[in-house]
Amino acid sequence: MKLHSDFRSDKMGKKNCIWLGLLASVVIITGVYFFFLKHAGIIKHREGPNEKTRFNITVSPNGDGDFRTISEAIQAAPSRSSAPFFIRVFSGVYNEIVAVPQDKVNLVLVGDGAEVTRVTASRSEPQYPTSDTATFAIFGDGFMAQGITFENTASSDSNPAVALLCSANYTIFYQCRFLGYHDTLYAKQGLQFYRECDIYGTVDFIFGFASAVFQNCNLYARMSSYQKVTYTAQGRSSPGMQSGFTLQGCKVTVSPEVGQARFSITGFLGRPWFAYSTVMIMESFLDSTVDPVGWEEWPDSPVSHVTYLEYRNWGPGADTSHRVRWPGYKVVGDESGAVAYTASRMIRGDEWIPQTGVPYNSGFLS
């Protein structure tokens with residue numbers, strides 16, 4: 001009996017070793033697989049704030065929340081909070097000028113959707129300086145907005161009229177909408193990330209000095225008497241300045257409201273607000289609205305130091321055979337020339353985006 005028992009124990013031990021070996025192999029292979037996905041930029045993290053989010057305070061223009069205005073809610077938020085402070089913004093139209101001060105950090109505003117939650121005002125130059133025309137201005141780091149429209153209703157023929165100004169680090173806009181005409185979105189400074197947003201405008205409607213990545217966004221040209229659209233006006237002013245825009249997985253096209261008048265609009269991907277203006281457009285759809293030359297000069301501004309790049313775009317406006325012949329313009333041929341403009345590198349996204357729960361691609365889309 002003892003011999004039989006020892007034989008059985010030995011046999012069972014061998015089986016256990018085999019199963020443990022198989023289990024270890026699965027764990028190792030799975031770990032390697034997800035390591036690869038992460039570093040290839042394929043993993044998409046869980047979506048941001050949702051129905052399970054516990055909100056600290058609520059806002060409703062109808063009086064159904066803790067406050068009637070967004071400004072009051074921001075004022076009530078703690079200063080220099082080390083943790084996210086969640087503000088639920090119920091559907092409605094908020095007619096107000098809003099500013100997030102520097103000490104109000106880590107604020108998270110969640111609307112009921114950009115179609116039904118809107119912050120709106122109407123200011124433009126010359127009545128106000130450009131920065132003061134902003135309907136919504138952010139100066140506090142770590143700000144995030146989801147499912148909200150930011151609008152400046154100044155007419156299509158106005159001077160600069162900013163819908164949103166962002167002058168802060170580690171800011172995220174997810175499934176938001178920016179409505180304006182001239183200078184709609186002022187990405188003034190800091191590291192910024194825009195995901196699945198709709199941005200409408202006419203002249204220089206995404207502009208500023210920030211390092212910003214726009215991922216899976218729609219850029220919509222609107223109609224005005226100019227009949228000429230510049231989608232970006234990036235403001236990098238020196239070679240040592242950390243500054244530039246990346247459009248990745250975006251759709252560069254015309255607003256649906258334009259209809260058949262779309263054929264009278266000529267669009268340019270950008271023009272250099274300052275001498276070292278830097279824009280990368282990659283893995284994006286470019287509509288026929290984009291002029292064959294692609295980019296436009298700024299009056300009396302040199303183009304010898306700009307960095308304007310295109311990589312793996314498609315659509316009728318993506319033909320680069322007639323693009324500008326500037327020294328700093330280049331069609332990038334492989335990943336090595338484009339990797340510096342991905343979210344992980346351009347805005348160090350891997351360091352701060354994952355914990356927000358907002359989906360993003362750290363590297364290339366494909």
# chains A, B, ... in the order shown; residues from 1 in each chain; ligands from 1

$ select_by_dssp --residues "region 185-324 of chain A" --states "strand (DSSP E)" --output "ChimeraX atom specification"
/A:185-189,191-195,198-201,206-208,211-215,218-221,228-230,232-234,244-248,251-254,266-268,278-282,285-286,307-311

$ residues_around --residues "Arg312 (chain A)" --least-positions-apart "3" --cutoff "9 Å" --atoms "only C-alpha atoms" --output "list in words"
Ile281, Met282, Glu283, Ser284, Ala318, Val331, Val332, Gly333 and Asp334 of chain A

$ residues_around --residues "region 143-151 of chain A" --least-positions-apart "5" --cutoff "8 Å" --atoms "only C-alpha atoms" --output "CSV table (one decimal) with C-alpha atoms, in the first residue's frame"
chain,number,residue,atom,x,y,z
A,105,VAL,CA,-7.4,72.6,-10.0
A,106,ASN,CA,-8.7,69.1,-10.9
A,107,LEU,CA,-12.2,70.2,-11.7
A,108,VAL,CA,-14.3,67.7,-13.8
A,109,LEU,CA,-17.4,69.1,-15.4
A,110,VAL,CA,-19.7,66.5,-16.9
A,111,GLY,CA,-22.7,67.5,-19.0
A,112,ASP,CA,-25.7,65.5,-20.2
A,113,GLY,CA,-24.2,65.6,-23.8
A,114,ALA,CA,-23.0,68.4,-26.0
A,115,GLU,CA,-26.3,68.4,-27.9
A,116,VAL,CA,-28.3,69.5,-24.8
A,117,THR,CA,-25.7,71.1,-22.4
A,118,ARG,CA,-24.5,74.5,-23.7
A,119,VAL,CA,-22.5,77.4,-22.3
A,120,THR,CA,-23.0,80.5,-24.5
A,121,ALA,CA,-22.1,84.1,-24.7
A,135,THR,CA,-17.1,82.4,-23.2
A,136,PHE,CA,-15.3,79.9,-21.0
A,138,ILE,CA,-9.6,77.8,-17.9
A,163,ALA,CA,-15.6,80.2,-27.4
A,164,LEU,CA,-13.1,78.5,-25.1
A,168,ALA,CA,-3.6,75.2,-18.2
A,170,TYR,CA,-3.1,68.4,-18.1
A,171,THR,CA,-6.5,69.4,-19.5
A,172,ILE,CA,-8.9,67.1,-21.3
A,173,PHE,CA,-12.0,67.7,-23.4
A,174,TYR,CA,-14.0,64.6,-24.2
A,175,GLN,CA,-17.0,64.5,-26.5
A,176,CYS,CA,-17.4,68.3,-26.3
A,177,ARG,CA,-18.4,70.8,-29.0
A,178,PHE,CA,-16.9,74.2,-29.7
A,179,LEU,CA,-19.0,76.6,-31.7
A,180,GLY,CA,-17.7,79.9,-33.1

$ residues_around --residues "Ser60 (chain A)" --least-positions-apart "5" --cutoff "8 Å" --atoms "only C-alpha atoms" --output "list in words"
Gly65, Asp66, Phe67, Arg68, Thr69, Val89, Phe90, Ser91 and Gly92 of chain A

$ write_last_selection --atoms "C-alpha atoms" --output "mmCIF file, in the first residue's frame"
data_model
loop_
_atom_site.group_PDB
_atom_site.id
_atom_site.type_symbol
_atom_site.label_atom_id
_atom_site.label_comp_id
_atom_site.auth_asym_id
_atom_site.auth_seq_id
_atom_site.Cartn_x
_atom_site.Cartn_y
_atom_site.Cartn_z
ATOM 1 C CA GLY A 65 -29.323 71.325 -8.671
ATOM 2 C CA ASP A 66 -27.133 72.780 -5.959
ATOM 3 C CA PHE A 67 -26.516 75.855 -8.110
ATOM 4 C CA ARG A 68 -28.126 77.591 -11.069
ATOM 5 C CA THR A 69 -24.894 78.727 -12.753
ATOM 6 C CA VAL A 89 -23.916 70.047 -15.305
ATOM 7 C CA PHE A 90 -27.492 69.141 -16.168
ATOM 8 C CA SER A 91 -28.916 69.840 -19.617
ATOM 9 C CA GLY A 92 -29.852 73.391 -20.450
#

$ atom_distance --atom1 "CA of Tyr308 (chain A)" --atom2 "CA of Pro129 (chain A)"
28.8 Å

$ atom_distance --atom1 "CA of Gly315 (chain A)" --atom2 "CA of Trp273 (chain A)"
26.5 Å

$ residues_around --residues "Tyr128 (chain A)" --least-positions-apart "6" --cutoff "10 Å" --atoms "only C-alpha atoms" --output "ChimeraX atom specification"
/A:134,160-161

$ write_last_selection --atoms "C-alpha atoms" --output "JSON list (two decimals), in the first residue's frame"
[["chain", "number", "residue", "atom", "x", "y", "z"],
["A", 134, "ALA", "CA", -13.85, 83.87, -24.30],
["A", 160, "PRO", "CA", -11.93, 87.36, -33.06],
["A", 161, "ALA", "CA", -14.56, 85.81, -30.80]]

$ select_by_dssp --residues "region 34-241 of chain A" --states "helix (DSSP H, G or I)" --output "list in words"
Phe34, Phe35, Phe36, Leu37, Lys38, His39, Ile70, Ser71, Glu72, Ala73, Ile74, Gln75, Ala76, Thr130, Ser131, Asp132 and Thr133 of chain A

$ closest_residue --among "A:Trp326, A:Phe274, A:Phe214, A:Trp295" --to "Phe193 (chain A)" --atoms "only C-alpha atoms"
A:Phe214

$ atom_distance --atom1 "CA of Val213 (chain A)" --atom2 "CA of Val229 (chain A)"
20.6 Å

$ closest_residue --among "A:Leu286, A:Val59, A:Ala210, A:Leu191" --to "Ile87 (chain A)" --atoms "only C-alpha atoms"
A:Val59

$ residues_around --residues "Thr320 (chain A)" --least-positions-apart "4" --cutoff "8 Å" --atoms "only C-alpha atoms" --output "VMD selection string"
chain A and resid 292 to 294 331

$ closest_residue --among "A:Ile97, A:Ala77, A:Ala83, A:Val203" --to "Ser224 (chain A)" --atoms "only C-alpha atoms"
A:Val203

$ closest_residue --among "A:Asn361, A:Asn56, A:Gln215, A:Thr230" --to "Tyr200 (chain A)" --atoms "only C-alpha atoms"
A:Thr230
